[in-house]
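Data from protein-v5.cif: mmCIF, C-alpha atoms
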```
data_work
#
loop_
_atom_site.group_PDB
_atom_site.id
_atom_site.type_symbol
_atom_site.label_atom_id
_atom_site.label_comp_id
_atom_site.auth_asym_id
_atom_site.auth_seq_id
_atom_site.Cartn_x
_atom_site.Cartn_y
_atom_site.Cartn_z
ATOM 1 C CA MET H 12 8.564 -19.660 -2.831
ATOM 2 C CA VAL H 13 8.154 -16.222 -1.274
ATOM 3 C CA ARG H 14 11.260 -14.093 -1.669
ATOM 4 C CA PRO H 15 12.816 -12.867 1.607
ATOM 5 C CA LEU H 16 12.676 -9.120 2.110
ATOM 6 C CA PRO H 17 15.981 -7.321 2.747
ATOM 7 C CA PRO H 18 16.218 -4.788 5.589
ATOM 8 C CA PRO H 19 14.467 -1.559 4.565
ATOM 9 C CA GLN H 20 16.415 1.546 3.597
ATOM 10 C CA ILE H 21 15.265 5.103 4.282
ATOM 11 C CA VAL H 22 16.333 8.363 2.625
ATOM 12 C CA GLU H 23 15.013 11.649 4.022
ATOM 13 C CA ASN H 24 16.479 15.054 3.210
ATOM 14 C CA ARG H 25 15.915 18.625 2.042
ATOM 15 C CA PHE H 26 17.800 20.116 -0.908
ATOM 16 C CA ASP H 27 18.671 23.519 -2.347
ATOM 17 C CA ASP H 28 20.495 21.888 -5.285
ATOM 18 C CA ILE H 29 18.357 20.231 -7.955
ATOM 19 C CA ASP H 30 21.142 17.847 -9.039
ATOM 20 C CA ALA H 31 21.639 16.694 -5.445
ATOM 21 C CA LEU H 32 17.911 15.889 -5.234
ATOM 22 C CA ALA H 33 18.074 13.819 -8.417
ATOM 23 C CA ALA H 34 21.171 11.933 -7.271
ATOM 24 C CA SER H 35 19.896 11.160 -3.759
ATOM 25 C CA ALA H 36 17.142 8.712 -4.769
ATOM 26 C CA LEU H 37 18.384 5.135 -4.297
ATOM 27 C CA ALA H 38 18.138 2.724 -7.275
ATOM 28 C CA TRP H 39 17.268 5.539 -9.713
ATOM 29 C CA ASP H 40 19.104 7.123 -12.635
ATOM 30 C CA GLN H 41 17.373 10.416 -13.309
ATOM 31 C CA HIS H 42 18.136 14.008 -14.228
ATOM 32 C CA TYR H 43 16.251 17.195 -13.376
ATOM 33 C CA GLU H 44 16.125 20.655 -14.880
ATOM 34 C CA GLN H 45 14.584 23.597 -13.054
ATOM 35 C CA ILE H 46 11.818 25.416 -14.889
ATOM 36 C CA GLY H 47 10.410 28.618 -13.494
ATOM 37 C CA ARG H 48 12.064 31.410 -11.564
ATOM 38 C CA GLY H 49 13.309 31.445 -7.990
ATOM 39 C CA ARG H 50 15.614 29.594 -5.627
ATOM 40 C CA PHE H 51 15.229 25.826 -5.821
ATOM 41 C CA GLU H 52 13.857 23.957 -2.817
ATOM 42 C CA GLY H 53 13.267 20.226 -2.815
ATOM 43 C CA ARG H 54 12.511 17.438 -0.390
ATOM 44 C CA LEU H 55 12.677 13.646 -0.717
ATOM 45 C CA THR H 56 11.507 10.875 1.615
ATOM 46 C CA GLN H 57 12.081 7.373 0.268
ATOM 47 C CA PHE H 58 11.404 3.949 1.838
ATOM 48 C CA LEU H 59 12.853 0.897 0.070
ATOM 49 C CA MET H 60 11.917 -2.757 0.592
ATOM 50 C CA GLY H 61 13.959 -4.567 -2.024
ATOM 51 C CA ASP H 62 12.347 -3.821 -5.400
ATOM 52 C CA VAL H 63 9.375 -2.042 -3.818
ATOM 53 C CA GLN H 64 9.662 1.665 -3.076
ATOM 54 C CA LEU H 65 7.375 4.208 -1.456
ATOM 55 C CA GLY H 66 8.370 7.865 -1.537
ATOM 56 C CA ARG H 67 7.262 11.461 -1.382
ATOM 57 C CA GLU H 68 8.989 14.151 -3.441
ATOM 58 C CA SER H 69 8.311 17.878 -3.564
ATOM 59 C CA TRP H 70 9.949 20.833 -5.265
ATOM 60 C CA SER H 71 9.648 24.530 -5.987
ATOM 61 C CA PRO H 72 9.577 26.009 -8.588
ATOM 62 C CA GLY H 73 8.807 23.526 -11.408
ATOM 63 C CA VAL H 74 10.952 20.673 -12.729
ATOM 64 C CA LEU H 75 11.561 18.743 -15.914
ATOM 65 C CA GLN H 76 12.544 15.136 -15.196
ATOM 66 C CA ARG H 77 14.035 12.544 -17.500
ATOM 67 C CA GLY H 78 15.297 9.035 -16.831
ATOM 68 C CA CYS H 79 13.784 5.595 -16.321
ATOM 69 C CA ALA H 80 12.288 3.603 -13.494
ATOM 70 C CA PRO H 81 14.649 1.027 -11.928
ATOM 71 C CA ALA H 82 15.142 -2.033 -14.165
ATOM 72 C CA GLY H 83 12.296 -4.544 -14.102
ATOM 73 C CA THR H 84 9.812 -2.197 -12.437
ATOM 74 C CA TRP H 85 6.989 0.219 -13.063
ATOM 75 C CA VAL H 86 6.813 3.610 -11.370
ATOM 76 C CA PHE H 87 3.530 5.243 -10.349
ATOM 77 C CA GLY H 88 2.962 8.850 -9.336
ATOM 78 C CA LEU H 89 0.003 10.230 -7.380
ATOM 79 C CA PRO H 90 -0.124 14.035 -7.058
ATOM 80 C CA LEU H 91 -0.567 15.475 -3.568
ATOM 81 C CA PHE H 92 -0.726 19.033 -4.864
ATOM 82 C CA ALA H 93 0.310 20.955 -7.978
ATOM 83 C CA GLU H 94 0.183 24.721 -8.388
ATOM 84 C CA GLY H 95 0.866 24.455 -12.116
ATOM 85 C CA SER H 96 0.152 21.735 -14.662
ATOM 86 C CA LEU H 97 1.568 18.195 -14.776
ATOM 87 C CA HIS H 98 2.737 16.402 -17.930
ATOM 88 C CA ILE H 99 3.822 12.801 -18.487
ATOM 89 C CA ARG H 100 5.755 11.830 -21.638
ATOM 90 C CA ARG H 101 4.861 15.110 -23.350
ATOM 91 C CA ARG H 102 1.127 14.869 -22.715
ATOM 92 C CA PRO H 103 -0.898 16.819 -20.122
ATOM 93 C CA ALA H 104 -2.023 14.768 -17.101
ATOM 94 C CA PRO H 105 -5.565 15.768 -16.072
ATOM 95 C CA PRO H 106 -6.700 15.544 -12.425
ATOM 96 C CA GLY H 107 -7.312 11.938 -11.436
ATOM 97 C CA GLN H 108 -4.816 10.395 -13.856
ATOM 98 C CA LEU H 109 -2.362 7.931 -12.364
ATOM 99 C CA LEU H 110 1.106 8.830 -13.647
ATOM 100 C CA VAL H 111 2.710 5.626 -14.958
ATOM 101 C CA ALA H 112 6.027 4.754 -16.572
ATOM 102 C CA THR H 113 7.797 1.429 -17.112
ATOM 103 C CA SER H 114 11.521 0.803 -17.001
ATOM 104 C CA ARG H 115 11.383 0.882 -20.832
ATOM 105 C CA ASP H 116 9.984 4.443 -20.861
ATOM 106 C CA ASP H 117 11.618 7.783 -20.396
ATOM 107 C CA VAL H 118 9.666 9.118 -17.414
ATOM 108 C CA GLY H 119 9.309 12.382 -19.326
ATOM 109 C CA PHE H 120 7.696 14.155 -16.370
ATOM 110 C CA THR H 121 7.154 17.913 -16.148
ATOM 111 C CA ALA H 122 5.632 20.020 -13.378
ATOM 112 C CA THR H 123 5.289 23.681 -14.295
ATOM 113 C CA GLY H 124 5.059 24.901 -10.691
ATOM 114 C CA PRO H 125 5.557 23.885 -7.043
ATOM 115 C CA SER H 126 4.259 20.330 -6.622
ATOM 116 C CA ALA H 127 4.426 17.188 -4.509
ATOM 117 C CA LEU H 128 3.991 13.551 -5.569
ATOM 118 C CA MET H 129 3.674 10.225 -3.856
ATOM 119 C CA ILE H 130 5.889 7.830 -5.809
ATOM 120 C CA VAL H 131 5.591 4.034 -5.828
ATOM 121 C CA VAL H 132 7.917 1.575 -7.576
ATOM 122 C CA LEU H 133 6.684 -2.013 -8.031
ATOM 123 C CA PRO H 134 8.454 -4.982 -9.684
ATOM 124 C CA THR H 135 6.909 -6.097 -12.966
ATOM 125 C CA GLN H 136 6.652 -9.771 -11.968
ATOM 126 C CA SER H 137 4.699 -8.897 -8.824
ATOM 127 C CA ILE H 138 2.360 -6.644 -10.835
ATOM 128 C CA ASP H 139 1.717 -9.474 -13.311
ATOM 129 C CA HIS H 140 0.897 -11.873 -10.466
ATOM 130 C CA TRP H 141 -1.465 -9.359 -8.838
ATOM 131 C CA VAL H 142 -3.446 -8.568 -11.999
ATOM 132 C CA GLN H 143 -3.721 -12.263 -12.904
ATOM 133 C CA VAL H 144 -5.040 -13.220 -9.455
ATOM 134 C CA ARG H 145 -7.168 -10.165 -8.731
ATOM 135 C CA ARG H 146 -8.301 -8.874 -12.120
ATOM 136 C CA GLY H 147 -8.207 -11.802 -14.527
ATOM 137 C CA ILE H 148 -5.714 -9.994 -16.772
ATOM 138 C CA GLU H 149 -2.971 -12.253 -18.124
ATOM 139 C CA ARG H 150 -0.211 -9.643 -17.828
ATOM 140 C CA LEU H 151 0.573 -5.984 -18.422
ATOM 141 C CA ASP H 152 2.812 -5.876 -21.479
ATOM 142 C CA VAL H 153 5.832 -3.675 -20.761
ATOM 143 C CA ASP H 154 6.566 -3.475 -24.484
ATOM 144 C CA LEU H 155 3.395 -1.454 -24.998
ATOM 145 C CA PRO H 156 3.106 2.241 -24.103
ATOM 146 C CA SER H 157 2.341 2.822 -20.431
ATOM 147 C CA PRO H 158 -1.412 2.790 -19.778
ATOM 148 C CA ARG H 159 -3.425 5.806 -18.699
ATOM 149 C CA TRP H 160 -5.665 4.900 -15.779
ATOM 150 C CA GLN H 161 -8.160 7.512 -14.697
ATOM 151 C CA VAL H 162 -10.158 7.736 -11.457
ATOM 152 C CA PRO H 163 -12.148 10.636 -9.962
ATOM 153 C CA ALA H 164 -9.808 13.363 -8.720
ATOM 154 C CA THR H 165 -11.161 12.977 -5.174
ATOM 155 C CA GLU H 166 -10.345 9.261 -5.238
ATOM 156 C CA MET H 167 -6.820 9.961 -6.479
ATOM 157 C CA ALA H 168 -6.328 12.487 -3.667
ATOM 158 C CA ARG H 169 -7.590 9.983 -1.089
ATOM 159 C CA ARG H 170 -5.193 7.302 -2.290
ATOM 160 C CA ALA H 171 -2.276 9.749 -2.330
ATOM 161 C CA GLU H 172 -3.031 10.789 1.259
ATOM 162 C CA THR H 173 -3.272 7.128 2.304
ATOM 163 C CA LEU H 174 0.220 6.499 0.942
ATOM 164 C CA SER H 175 1.520 9.688 2.554
ATOM 165 C CA GLY H 176 0.192 8.582 5.934
ATOM 166 C CA LEU H 177 1.721 5.129 5.517
ATOM 167 C CA LEU H 178 5.109 6.643 4.639
ATOM 168 C CA GLU H 179 4.974 8.880 7.702
ATOM 169 C CA VAL H 180 4.329 5.858 9.922
ATOM 170 C CA LEU H 181 7.178 3.916 8.321
ATOM 171 C CA THR H 182 9.686 6.724 8.851
ATOM 172 C CA THR H 183 8.661 7.800 12.361
ATOM 173 C CA GLU H 184 7.195 4.850 14.244
ATOM 174 C CA SER H 185 8.551 1.787 16.047
ATOM 175 C CA ASP H 186 11.050 -0.675 14.608
ATOM 176 C CA ASP H 187 8.358 -3.314 15.253
ATOM 177 C CA LEU H 188 7.196 -2.444 11.738
ATOM 178 C CA PHE H 189 10.364 -3.799 10.177
ATOM 179 C CA GLY H 190 9.786 -7.482 10.848
ATOM 180 C CA GLU H 191 9.236 -9.758 7.843
ATOM 181 C CA ARG H 192 5.529 -10.204 8.459
ATOM 182 C CA SER H 193 4.884 -6.508 9.068
ATOM 183 C CA LEU H 194 6.772 -5.500 5.929
ATOM 184 C CA ARG H 195 4.690 -8.003 3.945
ATOM 185 C CA ASN H 196 1.576 -6.265 5.232
ATOM 186 C CA VAL H 197 3.011 -2.868 4.233
ATOM 187 C CA GLU H 198 3.848 -4.179 0.765
ATOM 188 C CA SER H 199 0.327 -5.561 0.401
ATOM 189 C CA GLN H 200 -1.183 -2.184 1.355
ATOM 190 C CA ILE H 201 0.903 -0.400 -1.270
ATOM 191 C CA PHE H 202 -0.193 -2.849 -3.966
ATOM 192 C CA GLU H 203 -3.838 -2.399 -2.935
ATOM 193 C CA VAL H 204 -3.678 1.394 -3.246
ATOM 194 C CA ILE H 205 -1.957 1.438 -6.634
ATOM 195 C CA LEU H 206 -3.210 -1.604 -8.501
ATOM 196 C CA GLY H 207 -6.722 -1.232 -7.117
ATOM 197 C CA MET H 208 -7.198 1.382 -9.845
ATOM 198 C CA ILE H 209 -6.744 -1.178 -12.635
ATOM 199 C CA PRO H 210 -10.118 -2.181 -14.157
ATOM 200 C CA SER H 211 -11.197 -5.818 -14.035
ATOM 201 C CA ALA H 212 -11.474 -8.142 -17.044
ATOM 202 C CA GLU H 213 -13.275 -10.843 -15.069
ATOM 203 C CA VAL H 214 -16.432 -12.787 -15.900
ATOM 204 C CA ILE H 215 -18.424 -13.214 -12.652
ATOM 205 C CA GLU H 216 -19.074 -16.774 -11.439
ATOM 206 C CA PRO H 217 -22.716 -17.964 -11.110
ATOM 207 C CA LEU H 218 -24.550 -17.913 -7.754
ATOM 208 C CA HIS H 219 -23.907 -21.552 -6.779
ATOM 209 C CA SER H 220 -20.173 -21.092 -7.402
ATOM 210 C CA ARG H 221 -20.179 -17.924 -5.305
ATOM 211 C CA ALA H 222 -21.767 -19.853 -2.412
ATOM 212 C CA ARG H 223 -18.990 -22.459 -2.660
ATOM 213 C CA ILE H 224 -16.364 -19.710 -2.670
ATOM 214 C CA ALA H 225 -17.928 -18.100 0.422
ATOM 215 C CA ARG H 226 -17.787 -21.434 2.289
ATOM 216 C CA ALA H 227 -14.133 -21.826 1.334
ATOM 217 C CA VAL H 228 -13.356 -18.278 2.498
ATOM 218 C CA LEU H 229 -15.017 -18.842 5.875
ATOM 219 C CA SER H 230 -13.178 -22.136 6.360
ATOM 220 C CA LEU H 231 -9.822 -20.514 5.574
ATOM 221 C CA LEU H 232 -10.437 -17.594 7.888
ATOM 222 C CA ARG H 233 -11.446 -19.895 10.754
ATOM 223 C CA GLU H 234 -8.222 -21.840 10.284
ATOM 224 C CA ARG H 235 -6.111 -18.669 10.268
ATOM 225 C CA LEU H 236 -7.678 -16.383 12.846
ATOM 226 C CA ASN H 237 -4.241 -15.333 14.105
ATOM 227 C CA ASP H 238 -2.762 -15.012 10.618
ATOM 228 C CA PRO H 239 -5.511 -13.846 8.266
ATOM 229 C CA PRO H 240 -4.563 -13.996 4.581
ATOM 230 C CA SER H 241 -4.499 -10.944 2.348
ATOM 231 C CA ILE H 242 -7.155 -10.484 -0.341
ATOM 232 C CA THR H 243 -4.647 -11.561 -2.983
ATOM 233 C CA GLU H 244 -3.829 -14.744 -1.064
ATOM 234 C CA LEU H 245 -7.530 -15.437 -0.586
ATOM 235 C CA CYS H 246 -8.077 -15.162 -4.332
ATOM 236 C CA VAL H 247 -5.328 -17.728 -4.937
ATOM 237 C CA LEU H 248 -6.480 -20.118 -2.215
ATOM 238 C CA VAL H 249 -10.156 -20.219 -3.247
ATOM 239 C CA GLY H 250 -9.532 -19.897 -6.987
ATOM 240 C CA ALA H 251 -11.574 -16.743 -7.548
ATOM 241 C CA ARG H 252 -10.951 -13.278 -8.947
ATOM 242 C CA GLU H 253 -11.464 -10.288 -6.722
ATOM 243 C CA ARG H 254 -14.901 -9.259 -8.003
ATOM 244 C CA THR H 255 -16.299 -12.765 -7.536
ATOM 245 C CA LEU H 256 -14.725 -12.944 -4.066
ATOM 246 C CA TYR H 257 -16.330 -9.609 -3.195
ATOM 247 C CA LEU H 258 -19.816 -10.655 -4.311
ATOM 248 C CA SER H 259 -19.514 -14.080 -2.668
ATOM 249 C CA CYS H 260 -18.694 -12.588 0.752
ATOM 250 C CA LEU H 261 -21.287 -9.837 0.448
ATOM 251 C CA GLU H 262 -24.006 -12.375 -0.343
ATOM 252 C CA ALA H 263 -22.963 -14.847 2.353
ATOM 253 C CA PHE H 264 -21.830 -12.598 5.215
ATOM 254 C CA GLY H 265 -23.287 -9.184 4.480
ATOM 255 C CA ARG H 266 -19.858 -7.591 4.191
ATOM 256 C CA PRO H 267 -17.028 -7.550 1.640
ATOM 257 C CA PRO H 268 -13.907 -9.658 2.276
ATOM 258 C CA ALA H 269 -11.730 -6.676 3.253
ATOM 259 C CA THR H 270 -14.192 -5.712 6.008
ATOM 260 C CA LEU H 271 -14.420 -9.303 7.182
ATOM 261 C CA LEU H 272 -10.623 -9.553 7.300
ATOM 262 C CA ALA H 273 -10.366 -6.290 9.240
ATOM 263 C CA GLU H 274 -12.875 -7.506 11.817
ATOM 264 C CA LEU H 275 -11.026 -10.784 12.220
ATOM 265 C CA ARG H 276 -7.720 -8.934 12.697
ATOM 266 C CA LEU H 277 -9.369 -6.768 15.339
ATOM 267 C CA ASN H 278 -10.709 -9.868 17.064
ATOM 268 C CA ALA H 279 -7.252 -11.447 17.026
ATOM 269 C CA ALA H 280 -5.732 -8.274 18.477
ATOM 270 C CA HIS H 281 -8.472 -8.181 21.130
ATOM 271 C CA ARG H 282 -7.665 -11.749 22.179
ATOM 272 C CA SER H 283 -3.953 -10.955 22.355
ATOM 273 C CA LEU H 284 -4.604 -7.965 24.619
ATOM 274 C CA LEU H 285 -6.922 -10.008 26.840
ATOM 275 C CA HIS H 286 -4.289 -12.736 27.126
ATOM 276 C CA PRO H 287 -0.989 -10.909 26.516
ATOM 277 C CA GLU H 288 2.387 -12.560 26.211
ATOM 278 C CA LYS H 289 5.130 -11.482 28.553
ATOM 279 C CA ASP H 290 6.784 -8.148 27.609
ATOM 280 C CA ILE H 291 4.459 -7.515 24.668
ATOM 281 C CA SER H 292 3.073 -4.030 23.943
ATOM 282 C CA VAL H 293 -0.093 -2.662 22.329
ATOM 283 C CA THR H 294 2.017 -1.443 19.400
ATOM 284 C CA ALA H 295 3.528 -4.896 18.879
ATOM 285 C CA VAL H 296 0.068 -6.477 18.908
ATOM 286 C CA ALA H 297 -1.210 -3.966 16.347
ATOM 287 C CA VAL H 298 1.738 -4.612 14.035
ATOM 288 C CA ARG H 299 1.391 -8.384 14.424
ATOM 289 C CA TYR H 300 -2.095 -8.236 12.955
ATOM 290 C CA GLY H 301 -1.320 -5.873 10.127
ATOM 291 C CA PHE H 302 -2.243 -2.471 11.589
ATOM 292 C CA THR H 303 0.530 -0.050 10.657
ATOM 293 C CA HIS H 304 -1.353 3.183 11.394
ATOM 294 C CA PHE H 305 -1.802 3.074 15.165
ATOM 295 C CA GLY H 306 -4.277 5.941 15.394
ATOM 296 C CA ARG H 307 -6.610 4.189 12.955
ATOM 297 C CA PHE H 308 -6.101 0.885 14.766
ATOM 298 C CA ALA H 309 -7.111 2.482 18.072
ATOM 299 C CA ALA H 310 -10.179 4.111 16.502
ATOM 300 C CA ALA H 311 -11.299 0.884 14.786
ATOM 301 C CA TYR H 312 -10.682 -1.120 17.973
ATOM 302 C CA ARG H 313 -12.740 1.316 20.044
ATOM 303 C CA HIS H 314 -15.552 1.218 17.490
ATOM 304 C CA GLN H 315 -15.550 -2.589 17.591
ATOM 305 C CA PHE H 316 -15.138 -3.195 21.343
ATOM 306 C CA GLY H 317 -16.211 0.035 23.037
ATOM 307 C CA GLU H 318 -12.820 0.910 24.521
ATOM 308 C CA LEU H 319 -9.296 1.772 23.426
ATOM 309 C CA PRO H 320 -6.785 -1.088 23.106
ATOM 310 C CA SER H 321 -4.634 0.520 25.800
ATOM 311 C CA VAL H 322 -7.592 0.307 28.207
ATOM 312 C CA THR H 323 -8.089 -3.408 27.495
ATOM 313 C CA PHE H 324 -4.371 -3.986 28.015
ATOM 314 C CA ALA H 325 -4.271 -1.991 31.252
ATOM 315 C CA LYS H 326 -7.285 -3.867 32.646
ATOM 316 C CA THR H 327 -5.692 -7.204 31.832
ATOM 317 C CA ARG H 328 -2.369 -6.280 33.421
ATOM 318 C CA GLY H 329 -4.148 -4.877 36.471
ATOM 319 C CA SER H 330 -6.205 -8.028 36.846
ATOM 320 C CA ARG H 331 -3.084 -10.170 36.649
ATOM 321 C CA ALA H 332 -1.302 -8.047 39.222
ATOM 322 C CA GLY H 333 -4.270 -8.355 41.583
ATOM 323 C CA THR H 334 -4.306 -12.123 41.144
ATOM 324 C CA ARG H 335 -0.613 -12.357 42.060
ATOM 325 C CA GLU H 336 -1.207 -10.309 45.189
#
```

Could you take the file, read its structure, and then write that structure out as structure tokens?
Amino acid sequence: MVRPLPPPQIVENRFDDIDALAASALAWDQHYEQIGRGRFEGRLTQFLMGDVQLGRESWSPGVLQRGCAPAGTWVFGLPLFAEGSLHIRRRPAPPGQLLVATSRDDVGFTATGPSALMIVVLPTQSIDHWVQVRRGIERLDVDLPSPRWQVPATEMARRAETLSGLLEVLTTESDDLFGERSLRNVESQIFEVILGMIPSAEVIEPLHSRARIARAVLSLLRERLNDPPSITELCVLVGARERTLYLSCLEAFGRPPATLLAELRLNAAHRSLLHPEKDISVTAVAVRYGFTHFGRFAAAYRHQFGELPSVTFAKTRGSRAGTRE
């Protein structure tokens, strides 16, 4: 049974008191010390969906942080910029390292100069489910020291900017984003960005099994054109890990499952704009089909159909008005 999501909570503020910054984060118990000279300046933006959190935190000069992630969760940090060095649990963090701490760890984070981080908090049970379905890993043992996952620094920067853009949309755009289905899509995007860095332990299925999986994927997507499943749900429904799913779709359709899903969502949005419901908007259609960044939705839509979604919508409304006359 899927747990219902509570209404989201948002914290957004600037601080000239380091203790006020530490105390303002919801569901956290943490303490900061300033390191480095100068007047303290900090900023926190935090978006909470139950046990899942997405936030951006910045400070100047440096800080020394202690405390733990909220109970039953893991916390992940992706640097946006750092003028000095970063350290996690008394070890230097090189560029491209995902900063990770469990609720059993002291965060033990140090930034020696002005810095900004994207911060994600995910519940342990949801992480275990994701890595089982997508990576073939039984579970991530919270009793062991937090892992050190490394990706190229450019890839880490790209993922951090993706999360930053998502947070900006969530804190500035329409309340249409706060429906249950839209928040599920947001949650899925956050999991993709963070846990997508975990290496796979999967053994790839043989070719004939991949063909069967591709047929099952196509059947599912045809049945759910107006409600396409996430990659994680697809893995569960067809009984395949992510790597096998990827190869199966690439061999059968010439594109990976994420691209196929995106095209189907665009097609569903296109149909909705061609045959709009009463009082619906382009924004509401985008959100309905999982597009939370409206600029990217418009660009992808134009690339797919040769015109902006607003143009399709305007043509449809104009045609209807002419018919009534």

Quiz item: Mind pulling up the distance from atom CA of Val298 of chain H to atom CA of Gly190 of chain H?
Solution: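 So the answer is 9.1 Å.
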
Exercise. Considering all atoms listed in the file, return as a ChimeraX atom specification whatever protein or nucleic-acid residues lie within 10 Å of Arg77 of chain H, sequence-local ones (same chain, fewer than 6 positions apart) excluded.
Key: /H:40-44,100,116-121

For the structure provided, state which residues fall under the PyMOL selection byres ((chain H and resi 21-28) around 7), and present them as a PDB file with C-alpha atoms, in the frame of the given file.
```pdb
ATOM      1  CA  PRO H  19      14.467  -1.559   4.565  1.00  0.00           C
ATOM      2  CA  GLN H  20      16.415   1.546   3.597  1.00  0.00           C
ATOM      3  CA  ILE H  29      18.357  20.231  -7.955  1.00  0.00           C
ATOM      4  CA  ASP H  30      21.142  17.847  -9.039  1.00  0.00           C
ATOM      5  CA  ALA H  31      21.639  16.694  -5.445  1.00  0.00           C
ATOM      6  CA  LEU H  32      17.911  15.889  -5.234  1.00  0.00           C
ATOM      7  CA  PHE H  51      15.229  25.826  -5.821  1.00  0.00           C
ATOM      8  CA  GLU H  52      13.857  23.957  -2.817  1.00  0.00           C
ATOM      9  CA  GLY H  53      13.267  20.226  -2.815  1.00  0.00           C
ATOM     10  CA  ARG H  54      12.511  17.438  -0.390  1.00  0.00           C
ATOM     11  CA  LEU H  55      12.677  13.646  -0.717  1.00  0.00           C
ATOM     12  CA  THR H  56      11.507  10.875   1.615  1.00  0.00           C
ATOM     13  CA  GLN H  57      12.081   7.373   0.268  1.00  0.00           C
ATOM     14  CA  PHE H  58      11.404   3.949   1.838  1.00  0.00           C
ATOM     15  CA  LEU H  59      12.853   0.897   0.070  1.00  0.00           C
TER      16      LEU H  59
END
```

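Run against this file, the PyMOL selection byres ((chain H and resi 65) around 9) gives back Thr56, Gln57, Phe58, Leu59, Met60, Val63, Gln64, Gly66, Arg67, Met129, Ile130, Val131, Val132, Leu174, Ser175, Leu178 and Ile201 of chain H.
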
Can you write just those residues out, C-alpha atoms, as a CSV table (one decimal), in the frame of the given file?
```
chain,number,residue,atom,x,y,z
H,56,THR,CA,11.5,10.9,1.6
H,57,GLN,CA,12.1,7.4,0.3
H,58,PHE,CA,11.4,3.9,1.8
H,59,LEU,CA,12.9,0.9,0.1
H,60,MET,CA,11.9,-2.8,0.6
H,63,VAL,CA,9.4,-2.0,-3.8
H,64,GLN,CA,9.7,1.7,-3.1
H,66,GLY,CA,8.4,7.9,-1.5
H,67,ARG,CA,7.3,11.5,-1.4
H,129,MET,CA,3.7,10.2,-3.9
H,130,ILE,CA,5.9,7.8,-5.8
H,131,VAL,CA,5.6,4.0,-5.8
H,132,VAL,CA,7.9,1.6,-7.6
H,174,LEU,CA,0.2,6.5,0.9
H,175,SER,CA,1.5,9.7,2.6
H,178,LEU,CA,5.1,6.6,4.6
H,201,ILE,CA,0.9,-0.4,-1.3
```

Quiz prompt | Target residues per the PyMOL selection byres ((chain H and resi 134-144) around 10), formatted as a PyMOL selection string | solution = chain H and resi 61-64+81-86+113-114+132-133+145-153+202-203+206-207+209-213+242-247+250-253

Could the residues in this selection be written to a file with C-alpha atoms, as a CSV table (one decimal), keeping the file's coordinate frame?
```csv
chain,number,residue,atom,x,y,z
H,61,GLY,CA,14.0,-4.6,-2.0
H,62,ASP,CA,12.3,-3.8,-5.4
H,63,VAL,CA,9.4,-2.0,-3.8
H,64,GLN,CA,9.7,1.7,-3.1
H,81,PRO,CA,14.6,1.0,-11.9
H,82,ALA,CA,15.1,-2.0,-14.2
H,83,GLY,CA,12.3,-4.5,-14.1
H,84,THR,CA,9.8,-2.2,-12.4
H,85,TRP,CA,7.0,0.2,-13.1
H,86,VAL,CA,6.8,3.6,-11.4
H,113,THR,CA,7.8,1.4,-17.1
H,114,SER,CA,11.5,0.8,-17.0
H,132,VAL,CA,7.9,1.6,-7.6
H,133,LEU,CA,6.7,-2.0,-8.0
H,145,ARG,CA,-7.2,-10.2,-8.7
H,146,ARG,CA,-8.3,-8.9,-12.1
H,147,GLY,CA,-8.2,-11.8,-14.5
H,148,ILE,CA,-5.7,-10.0,-16.8
H,149,GLU,CA,-3.0,-12.3,-18.1
H,150,ARG,CA,-0.2,-9.6,-17.8
H,151,LEU,CA,0.6,-6.0,-18.4
H,152,ASP,CA,2.8,-5.9,-21.5
H,153,VAL,CA,5.8,-3.7,-20.8
H,202,PHE,CA,-0.2,-2.8,-4.0
H,203,GLU,CA,-3.8,-2.4,-2.9
H,206,LEU,CA,-3.2,-1.6,-8.5
H,207,GLY,CA,-6.7,-1.2,-7.1
H,209,ILE,CA,-6.7,-1.2,-12.6
H,210,PRO,CA,-10.1,-2.2,-14.2
H,211,SER,CA,-11.2,-5.8,-14.0
H,212,ALA,CA,-11.5,-8.1,-17.0
H,213,GLU,CA,-13.3,-10.8,-15.1
H,242,ILE,CA,-7.2,-10.5,-0.3
H,243,THR,CA,-4.6,-11.6,-3.0
H,244,GLU,CA,-3.8,-14.7,-1.1
H,245,LEU,CA,-7.5,-15.4,-0.6
H,246,CYS,CA,-8.1,-15.2,-4.3
H,247,VAL,CA,-5.3,-17.7,-4.9
H,250,GLY,CA,-9.5,-19.9,-7.0
H,251,ALA,CA,-11.6,-16.7,-7.5
H,252,ARG,CA,-11.0,-13.3,-8.9
H,253,GLU,CA,-11.5,-10.3,-6.7
```

Quiz item: In Å to one decimal, how far is atom CA of Val197 of chain H from atom CA of Tyr300 of chain H?
Solution: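 Those two atoms sit 11.4 Å apart.
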